[in-house]
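> To be precise about what I am sending: the file is called start.csv and holds CSV, C-alpha atoms.
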chain,number,residue,atom,x,y,z
L,1,MET,CA,13.8,3.2,51.2
L,2,THR,CA,13.8,6.4,49.2
L,3,ARG,CA,17.1,7.7,47.9
L,4,LEU,CA,16.0,11.0,46.3
L,5,GLN,CA,18.7,13.6,47.0
L,6,TYR,CA,18.1,17.2,47.8
L,7,GLU,CA,20.5,20.1,48.5
L,8,VAL,CA,20.4,23.8,48.4
L,9,LYS,CA,23.5,25.4,47.0
L,10,ASP,CA,23.9,29.1,46.5
L,11,GLY,CA,20.2,29.8,46.1
L,12,ILE,CA,19.5,26.8,43.9
L,13,GLY,CA,17.5,23.8,45.1
L,14,TRP,CA,18.9,20.7,43.4
L,15,ILE,CA,16.6,17.6,43.4
L,16,ARG,CA,18.3,14.5,42.0
L,17,PHE,CA,16.7,11.1,41.3
L,18,ASN,CA,19.0,8.5,42.7
L,19,ARG,CA,18.0,5.0,41.8
L,20,PRO,CA,20.5,4.5,38.9
L,21,GLU,CA,20.5,0.7,39.1
L,22,VAL,CA,16.9,0.8,37.8
L,23,LEU,CA,17.4,3.9,35.6
L,24,ASN,CA,15.7,6.1,38.2
L,25,ALA,CA,12.4,4.3,37.9
L,26,PHE,CA,9.7,5.6,40.2
L,27,ASP,CA,8.2,3.4,42.9
L,28,PRO,CA,5.4,4.7,45.2
L,29,PRO,CA,7.7,5.8,48.1
L,30,GLU,CA,10.0,7.6,45.6
L,31,VAL,CA,7.0,9.5,44.0
L,32,ARG,CA,5.7,10.5,47.5
L,33,ARG,CA,9.2,11.7,48.5
L,34,PHE,CA,9.6,13.7,45.3
L,35,VAL,CA,6.4,15.5,45.9
L,36,GLU,CA,7.4,16.3,49.5
L,37,VAL,CA,10.8,17.6,48.5
L,38,LEU,CA,9.4,19.6,45.6
L,39,ARG,CA,6.9,21.2,47.9
L,40,GLU,CA,9.7,22.0,50.4
L,41,ALA,CA,11.9,23.6,47.8
L,42,SER,CA,9.0,25.6,46.4
L,43,ALA,CA,8.2,27.0,49.9
L,44,ASP,CA,11.9,27.7,50.9
L,45,PRO,CA,12.6,31.5,50.7
L,46,GLU,CA,16.3,30.7,50.4
L,47,VAL,CA,15.7,28.7,47.2
L,48,LYS,CA,15.5,31.1,44.2
L,49,ALA,CA,15.3,28.4,41.5
L,50,ILE,CA,14.9,24.6,41.3
L,51,ILE,CA,16.7,22.2,39.1
L,52,ILE,CA,15.5,18.6,38.8
L,53,GLY,CA,18.3,16.2,37.7
L,54,SER,CA,19.5,12.7,38.2
L,55,HIS,CA,22.4,10.4,39.0
L,56,GLY,CA,23.4,7.7,36.6
L,57,GLU,CA,22.7,7.3,32.9
L,58,ALA,CA,19.0,8.2,32.8
L,59,PHE,CA,16.7,11.0,34.0
L,60,SER,CA,13.9,8.6,34.8
L,61,VAL,CA,12.2,5.7,32.9
L,62,GLY,CA,9.0,6.3,34.8
L,63,ASP,CA,7.0,3.8,36.7
L,64,ASP,CA,8.9,0.8,38.1
L,65,LEU,CA,7.4,-2.1,36.1
L,66,LYS,CA,8.7,-4.6,38.6
L,67,VAL,CA,6.5,-3.0,41.3
L,68,ALA,CA,3.6,-3.1,38.8
L,69,MET,CA,4.1,-6.8,38.0
L,70,GLU,CA,4.1,-7.5,41.8
L,71,GLU,CA,0.9,-5.5,42.2
L,72,TYR,CA,-1.2,-6.9,39.4
L,73,PRO,CA,-1.9,-10.4,40.8
L,74,ARG,CA,-2.8,-8.7,44.1
L,75,ILE,CA,-5.2,-6.4,42.2
L,76,GLN,CA,-6.8,-9.5,40.6
L,77,SER,CA,-7.1,-11.3,44.0
L,78,GLY,CA,-8.7,-8.2,45.6
L,79,GLU,CA,-5.8,-7.7,48.0
L,80,ILE,CA,-5.1,-4.3,46.4
L,81,HIS,CA,-7.9,-1.9,45.5
L,82,PRO,CA,-7.0,-0.4,42.0
L,83,ILE,CA,-8.6,2.9,42.8
L,84,LEU,CA,-7.8,3.5,46.5
L,85,ASP,CA,-4.3,1.9,46.5
L,86,ILE,CA,-3.0,2.9,43.0
L,87,VAL,CA,-5.0,5.7,41.4
L,88,GLU,CA,-5.5,7.7,44.6
L,89,ASP,CA,-1.8,7.2,45.6
L,90,ILE,CA,0.5,7.1,42.6
L,91,THR,CA,-1.6,9.0,40.0
L,92,GLU,CA,-2.6,11.7,42.4
L,93,ASN,CA,1.0,12.2,43.5
L,94,LEU,CA,2.1,12.4,39.9
L,95,GLN,CA,-0.6,15.0,39.3
L,96,GLU,CA,0.5,17.0,42.3
L,97,ILE,CA,3.9,17.6,40.6
L,98,PRO,CA,2.6,20.1,38.0
L,99,ARG,CA,0.4,21.8,40.6
L,100,ILE,CA,3.4,22.5,42.8
L,101,ILE,CA,5.6,23.6,39.9
L,102,ARG,CA,2.9,25.9,38.4
L,103,ALA,CA,2.2,27.5,41.9
L,104,ALA,CA,5.9,27.9,42.7
L,105,ARG,CA,7.2,31.5,42.8
L,106,LYS,CA,10.4,30.4,41.1
L,107,VAL,CA,11.5,28.7,37.9
L,108,VAL,CA,11.8,25.0,37.8
L,109,ILE,CA,14.3,23.5,35.3
L,110,ALA,CA,14.5,19.9,34.2
L,111,CYS,CA,18.1,18.8,33.6
L,112,VAL,CA,17.8,15.7,31.4
L,113,ARG,CA,20.3,13.0,30.4
L,114,GLY,CA,19.5,9.6,29.0
L,115,TYR,CA,15.9,8.3,29.1
L,116,ALA,CA,13.1,10.6,30.2
L,117,VAL,CA,10.1,8.4,29.4
L,118,GLY,CA,6.7,7.7,30.9
L,119,ALA,CA,6.5,9.6,34.2
L,120,GLY,CA,10.0,10.8,33.7
L,121,PHE,CA,8.9,12.5,30.5
L,122,GLU,CA,5.9,14.0,32.4
L,123,VAL,CA,8.2,15.6,34.9
L,124,ALA,CA,10.2,17.2,32.1
L,125,ILE,CA,7.0,18.5,30.5
L,126,ASP,CA,5.7,19.8,33.9
L,127,SER,CA,8.9,21.8,34.4
L,128,ASP,CA,9.1,25.5,33.3
L,129,LEU,CA,12.2,24.8,31.1
L,130,VAL,CA,14.2,21.8,29.9
L,131,VAL,CA,17.9,21.6,29.4
L,132,ALA,CA,18.9,18.3,27.8
L,133,ALA,CA,22.1,16.4,27.0
L,134,GLU,CA,22.5,15.0,23.5
L,135,SER,CA,22.0,11.5,25.0
L,136,ALA,CA,18.4,12.5,26.2
L,137,VAL,CA,15.5,10.4,24.9
L,138,PHE,CA,11.9,11.3,25.4
L,139,GLY,CA,8.7,9.2,24.9
L,140,PHE,CA,5.5,7.7,26.2
L,141,PRO,CA,5.5,3.9,26.3
L,142,GLU,CA,2.1,3.9,28.0
L,143,SER,CA,0.2,2.8,24.9
L,144,ASN,CA,2.3,-0.4,24.9
L,145,ALA,CA,1.6,-0.9,28.6
L,146,GLY,CA,-2.2,-0.6,28.3
L,147,MET,CA,-2.1,2.7,30.2
L,148,THR,CA,-2.4,6.4,29.5
L,149,ILE,CA,-0.4,9.4,30.4
L,150,THR,CA,-0.9,11.6,33.5
L,151,GLY,CA,1.0,14.3,35.4
L,152,GLY,CA,-0.8,17.0,33.4
L,153,ALA,CA,0.9,15.9,30.2
L,154,SER,CA,-2.4,15.7,28.3
L,155,LYS,CA,-2.8,19.4,28.7
L,156,LEU,CA,0.8,20.6,28.7
L,157,LEU,CA,2.3,18.5,25.8
L,158,PRO,CA,0.0,20.0,23.1
L,159,LEU,CA,0.8,23.5,24.4
L,160,ILE,CA,4.5,22.8,24.0
L,161,VAL,CA,4.7,20.9,20.8
L,162,GLY,CA,1.3,21.4,19.1
L,163,MET,CA,-1.6,19.0,19.0
L,164,ASN,CA,-0.5,16.9,16.0
L,165,LYS,CA,2.9,16.2,17.4
L,166,ALA,CA,1.4,15.5,20.8
L,167,ARG,CA,-1.0,13.0,19.1
L,168,GLU,CA,1.9,11.3,17.3
L,169,LEU,CA,4.0,11.0,20.5
L,170,VAL,CA,1.2,9.6,22.6
L,171,LEU,CA,-0.5,7.4,20.1
L,172,THR,CA,2.6,5.8,18.5
L,173,GLY,CA,4.6,5.5,21.7
L,174,GLU,CA,7.7,6.2,19.7
L,175,PHE,CA,10.7,7.8,21.3
L,176,ILE,CA,12.5,10.9,20.1
L,177,ASP,CA,16.0,11.9,20.7
L,178,ALA,CA,17.2,15.2,22.2
L,179,LYS,CA,17.9,16.8,18.8
L,180,GLU,CA,14.3,16.2,17.7
L,181,GLY,CA,13.0,17.4,21.1
L,182,HIS,CA,14.9,20.6,20.6
L,183,ARG,CA,13.5,21.0,17.0
L,184,ILE,CA,9.9,20.7,18.1
L,185,GLY,CA,10.3,23.1,21.1
L,186,LEU,CA,10.3,20.5,23.9
L,187,VAL,CA,13.9,21.1,24.8
L,188,ASN,CA,15.0,24.7,25.5
L,189,LYS,CA,18.7,24.2,25.5
L,190,LEU,CA,20.6,21.2,24.0
L,191,VAL,CA,24.2,20.6,25.1
L,192,PRO,CA,26.9,17.9,24.9
L,193,ASP,CA,26.8,15.1,27.4
L,194,GLY,CA,28.3,16.0,30.7
L,195,GLU,CA,27.5,19.7,30.3
L,196,GLU,CA,23.8,19.6,31.1
L,197,GLU,CA,24.0,20.5,34.9
L,198,GLN,CA,26.4,23.4,34.2
L,199,ALA,CA,24.0,24.6,31.5
L,200,ALA,CA,21.0,24.3,33.7
L,201,GLU,CA,22.6,26.1,36.5
L,202,ALA,CA,23.8,28.9,34.1
L,203,MET,CA,20.2,29.3,32.9
L,204,ALA,CA,18.8,29.3,36.5
L,205,ARG,CA,21.3,32.0,37.6
L,206,ARG,CA,20.5,34.1,34.5
L,207,ILE,CA,16.8,34.0,35.5
L,208,ILE,CA,17.6,34.6,39.2
L,209,SER,CA,19.5,37.8,38.2
L,210,ARG,CA,16.4,39.3,36.7
L,211,ALA,CA,13.8,41.2,38.7
L,212,PRO,CA,12.1,38.5,40.8
L,213,LEU,CA,8.6,40.0,40.9
L,214,ALA,CA,8.7,40.3,37.1
L,215,THR,CA,9.8,36.7,36.8
L,216,VAL,CA,7.0,35.5,38.9
L,217,ALA,CA,4.5,37.7,37.1
L,218,HIS,CA,5.6,36.4,33.7
L,219,LYS,CA,5.4,32.8,34.8
L,220,ARG,CA,1.9,33.3,36.2
L,221,MET,CA,0.7,35.4,33.3
L,222,LEU,CA,1.9,32.8,30.7
L,223,GLN,CA,0.2,30.0,32.6
L,224,ARG,CA,-3.1,31.9,32.8
L,225,VAL,CA,-3.3,33.2,29.3
L,226,VAL,CA,-3.1,29.7,27.7
L,227,ASP,CA,-6.4,29.0,29.3
L,228,ALA,CA,-8.0,32.4,28.5
L,229,ASP,CA,-9.4,34.0,25.4
L,230,PHE,CA,-7.5,36.8,23.7
L,231,GLU,CA,-9.2,39.8,25.4
L,232,THR,CA,-8.6,38.2,28.8
L,233,ALA,CA,-5.0,37.7,27.9
L,234,LEU,CA,-4.7,41.4,27.0
L,235,GLU,CA,-6.3,42.4,30.3
L,236,LEU,CA,-4.0,40.1,32.3
L,237,GLU,CA,-1.0,41.8,30.6
L,238,LYS,CA,-2.3,45.3,31.6
L,239,GLN,CA,-3.0,44.2,35.2
L,240,THR,CA,0.5,42.8,35.5
L,241,ILE,CA,2.2,45.9,34.2
L,242,THR,CA,0.0,48.0,36.5
L,243,ASN,CA,1.0,46.0,39.5
L,244,LEU,CA,4.7,46.1,38.7
L,245,ILE,CA,5.0,49.7,37.9
L,246,TYR,CA,4.7,50.6,41.6
L,247,THR,CA,7.4,48.2,42.8
L,248,GLU,CA,10.8,49.2,44.0
L,249,ASP,CA,12.4,46.9,41.6
L,250,TYR,CA,11.0,48.8,38.6
L,251,GLY,CA,12.3,52.0,40.0
L,252,GLU,CA,15.7,50.4,40.6
L,253,ALA,CA,15.8,49.1,37.0
L,254,ILE,CA,15.1,52.6,35.6
L,255,ARG,CA,17.8,54.2,37.8
L,256,ALA,CA,20.3,51.5,37.0
L,257,PHE,CA,19.7,52.0,33.3
L,258,SER,CA,20.2,55.7,33.5
L,259,GLU,CA,23.3,55.2,35.7
L,260,LYS,CA,24.7,52.5,33.3
L,261,ARG,CA,25.1,49.9,36.1
L,262,PRO,CA,23.6,46.5,36.8
L,263,PRO,CA,20.4,46.7,38.8
L,264,LYS,CA,20.2,45.5,42.4
L,265,PHE,CA,16.8,43.9,42.7
L,266,LYS,CA,15.1,43.3,46.1
L,267,GLY,CA,12.0,41.5,45.1
L,268,ARG,CA,9.7,44.2,46.3
Represent the structure of the file as structure tokens.

Amino acid sequence: MTRLQYEVKDGIGWIRFNRPEVLNAFDPPEVRRFVEVLREASADPEVKAIIIGSHGEAFSVGDDLKVAMEEYPRIQSGEIHPILDIVEDITENLQEIPRIIRAARKVVIACVRGYAVGAGFEVAIDSDLVVAAESAVFGFPESNAGMTITGGASKLLPLIVGMNKARELVLTGEFIDAKEGHRIGLVNKLVPDGEEEQAAEAMARRIISRAPLATVAHKRMLQRVVDADFETALELEKQTITNLIYTEDYGEAIRAFSEKRPPKFKGR
């Protein structure tokens, strides 16, 4: 039974992991449900931003090792096919998470408390922004479990913290606290425990208040330029500005500035 919680409140889609008794570990049904809900929130025109949070003391400790221990003898006996039943199910669903987030026409914020390790860390990395409580802990224990990272982390982690720090986190498997995560650029905003949801919502609402077309364009542009050479990046910047200069929102921003009032954006 999946217990992932999803609600839309005043334009924000709140997705909360809700298996606190196992520190929000992911089992196969939970991962599949998360992908479904994330896709639903991304497509909902009433949702202007998405916040991924949790109930209990942890964000998520990643894969449920109890399930893995139950599966391993069945893999050895041939009852479970390691590729068809695990890689093409769990791994591909975890890899679908960054695809959905990157394609979403809205910002996705990870709101982290306690442990965010393994696949939980991957979800934080996949998100556009990370707000963390001081209790947050990040890390990849995969090297101690005879496994490797997924969920797009091999690409995104070096972009966020640099290649050397990414190597250190992945190869040593050592965990870092929220303060260190903030220092290396992994965490965008660090707040005292208990204030993380309020801070994540405030950040989301600040972004929602901006011109929506420009927000989407910035998100798309930043994603594309990291995979492009410098001249392509410059061309993407020019194309984006060219597209936006004809929008109603741009005209509204200019008028609002001249009239010394807040702009009223329409997303067109």
> Excluding range 231-239 of chain L and its own-chain neighbours fewer than 4 positions away, which residues fall within 12 Å of it when counting only C-alpha atoms? Please give them as a list in words.
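The contact residues come out as Ala214, Ala217, His218, Lys219, Arg220, Met221, Leu222, Gln223, Arg224, Val225, Val226, Asp227, Asn243, Leu244, Ile245 and Tyr246 of chain L.
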> Applying 7 Å and all atoms listed in the file, which residues near Phe140 in chain L remain after dropping the ones on its own chain fewer than 6 positions away? List them as a PyMOL selection string.
chain L and resi 117-118+169-170+173
> List the neighbours of Val47 in chain L out to 12 Å using all atoms listed in the file; skip same-chain residues closer than 5 positions along the sequence, and give me the result as a compact mmCIF listing (two decimals) with C-alpha atoms, keeping the file's coordinate frame.

# COMPACT_ATOMS: atom_id res chain seq x y z
CA TYR L 6 18.10 17.20 47.80
CA GLU L 7 20.50 20.10 48.50
CA VAL L 8 20.40 23.80 48.40
CA LYS L 9 23.50 25.40 47.00
CA ASP L 10 23.90 29.10 46.50
CA GLY L 11 20.20 29.80 46.10
CA ILE L 12 19.50 26.80 43.90
CA GLY L 13 17.50 23.80 45.10
CA TRP L 14 18.90 20.70 43.40
CA ILE L 15 16.60 17.60 43.40
CA LEU L 38 9.40 19.60 45.60
CA ARG L 39 6.90 21.20 47.90
CA GLU L 40 9.70 22.00 50.40
CA ALA L 41 11.90 23.60 47.80
CA SER L 42 9.00 25.60 46.40
CA ALA L 104 5.90 27.90 42.70
CA ARG L 105 7.20 31.50 42.80
CA LYS L 106 10.40 30.40 41.10
CA VAL L 107 11.50 28.70 37.90
CA VAL L 108 11.80 25.00 37.80
CA ALA L 204 18.80 29.30 36.50
CA ARG L 205 21.30 32.00 37.60
CA ILE L 208 17.60 34.60 39.20
> Quick one: of L:Ile100, L:Ile184, L:Ile125, L:Ala132, who's nearest to Ser154 in chain L, counting only C-alpha atoms?
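Once distances to Ser154 in chain L are computed over only C-alpha atoms, the minimum belongs to L:Ile125.
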> Check the smallest atom-to-atom distance from each of L:Ile52, L:Leu4, L:Ala43, L:Val131 to Glu195 in chain L using all atoms listed in the file, then report the winner.
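Selected residue with least distance to Glu195 in chain L: L:Val131.
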> Using all atoms listed in the file, pick whichever of L:Arg210, L:Arg99, L:Arg113, L:Arg255 has the shortest atom-to-atom distance to Val187 in chain L.
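Smallest distance to Val187 in chain L is found for L:Arg113.
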> With only C-alpha atoms as the basis for distance, which of L:Ser54, L:Ser60, L:Thr91, L:Thr240 is at the shortest distance from Thr150 in chain L?
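Checking each of L:Ser54, L:Ser60, L:Thr91, L:Thr240 against Thr150 in chain L, counting only C-alpha atoms, the winner is L:Thr91.
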> Quick one: pull the distance between CA of Lys48 in chain L and CA of Arg33 in chain L, Å, one decimal.
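These atoms are spaced 20.8 Å apart.
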> With all atoms listed in the file as the basis for distance, which of L:Ser258, L:Asn18, L:Asn188, L:Thr172 is at the shortest distance from Ser127 in chain L?
L:Asn188
> Would you kindly place all heavy atoms on range 27-38 of chain L and return the model as a compact mmCIF listing (two decimals), in the frame of the given file?

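What ended up in part-v1.txt:
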# COMPACT_ATOMS: atom_id res chain seq x y z
N ASP L 27 9.08 4.23 42.17
CA ASP L 27 8.20 3.40 42.90
C ASP L 27 7.35 4.30 43.82
O ASP L 27 7.63 5.50 43.93
CB ASP L 27 8.93 2.31 43.72
CG ASP L 27 9.92 2.88 44.73
OD1 ASP L 27 9.89 4.11 44.97
OD2 ASP L 27 10.72 2.12 45.28
N PRO L 28 6.29 3.79 44.46
CA PRO L 28 5.40 4.70 45.20
C PRO L 28 6.12 5.53 46.28
O PRO L 28 5.86 6.74 46.35
CB PRO L 28 4.41 3.69 45.87
CG PRO L 28 4.34 2.57 44.88
CD PRO L 28 5.73 2.41 44.36
N PRO L 29 7.04 4.97 47.10
CA PRO L 29 7.70 5.80 48.10
C PRO L 29 8.53 6.95 47.43
O PRO L 29 8.60 8.07 47.95
CB PRO L 29 8.62 4.87 48.85
CG PRO L 29 8.00 3.53 48.66
CD PRO L 29 7.43 3.56 47.28
N GLU L 30 9.14 6.65 46.27
CA GLU L 30 10.00 7.60 45.60
C GLU L 30 9.10 8.81 45.08
O GLU L 30 9.49 9.97 45.15
CB GLU L 30 10.71 6.99 44.44
CG GLU L 30 11.90 7.79 43.94
CD GLU L 30 13.13 7.69 44.84
OE1 GLU L 30 13.10 6.92 45.82
OE2 GLU L 30 14.10 8.40 44.57
N VAL L 31 7.93 8.48 44.54
CA VAL L 31 7.00 9.50 44.00
C VAL L 31 6.56 10.41 45.19
O VAL L 31 6.55 11.65 45.10
CB VAL L 31 5.83 8.93 43.29
CG1 VAL L 31 4.85 10.02 42.90
CG2 VAL L 31 6.29 8.17 42.06
N ARG L 32 6.18 9.77 46.30
CA ARG L 32 5.70 10.50 47.50
C ARG L 32 6.83 11.45 47.99
O ARG L 32 6.59 12.61 48.33
CB ARG L 32 5.23 9.60 48.55
CG ARG L 32 3.87 8.95 48.25
CD ARG L 32 3.30 8.27 49.46
NE ARG L 32 4.04 7.08 49.82
CZ ARG L 32 3.75 5.85 49.37
NH1 ARG L 32 2.73 5.66 48.55
NH2 ARG L 32 4.46 4.83 49.76
N ARG L 33 8.04 10.93 48.05
CA ARG L 33 9.20 11.70 48.50
C ARG L 33 9.47 12.87 47.58
O ARG L 33 9.77 13.99 48.02
CB ARG L 33 10.40 10.81 48.67
CG ARG L 33 11.68 11.53 49.07
CD ARG L 33 11.56 12.21 50.41
NE ARG L 33 12.80 12.88 50.77
CZ ARG L 33 12.89 13.89 51.63
NH1 ARG L 33 11.81 14.35 52.21
NH2 ARG L 33 14.06 14.44 51.90
N PHE L 34 9.39 12.63 46.29
CA PHE L 34 9.60 13.70 45.30
C PHE L 34 8.64 14.84 45.50
O PHE L 34 9.02 16.01 45.48
CB PHE L 34 9.53 13.11 43.90
CG PHE L 34 9.75 14.12 42.80
CD1 PHE L 34 10.77 15.04 42.87
CD2 PHE L 34 8.93 14.13 41.68
CE1 PHE L 34 10.98 15.97 41.85
CE2 PHE L 34 9.12 15.05 40.66
CZ PHE L 34 10.14 15.98 40.76
N VAL L 35 7.38 14.50 45.70
CA VAL L 35 6.40 15.50 45.90
C VAL L 35 6.67 16.32 47.19
O VAL L 35 6.57 17.56 47.21
CB VAL L 35 4.95 14.89 46.00
CG1 VAL L 35 3.92 15.90 46.50
CG2 VAL L 35 4.54 14.35 44.64
N GLU L 36 7.07 15.63 48.25
CA GLU L 36 7.40 16.30 49.50
C GLU L 36 8.57 17.27 49.34
O GLU L 36 8.53 18.42 49.80
CB GLU L 36 7.75 15.27 50.58
CG GLU L 36 6.58 14.43 51.06
CD GLU L 36 7.03 13.29 51.96
OE1 GLU L 36 8.26 13.20 52.21
OE2 GLU L 36 6.18 12.51 52.41
N VAL L 37 9.63 16.80 48.65
CA VAL L 37 10.80 17.60 48.50
C VAL L 37 10.54 18.80 47.55
O VAL L 37 11.00 19.92 47.79
CB VAL L 37 11.98 16.77 47.93
CG1 VAL L 37 13.15 17.64 47.48
CG2 VAL L 37 12.45 15.77 48.98
N LEU L 38 9.78 18.55 46.49
CA LEU L 38 9.40 19.60 45.60
C LEU L 38 8.61 20.70 46.27
O LEU L 38 8.84 21.90 46.06
CB LEU L 38 8.63 19.04 44.39
CG LEU L 38 8.36 19.95 43.20
CD1 LEU L 38 9.65 20.46 42.59
CD2 LEU L 38 7.55 19.19 42.15
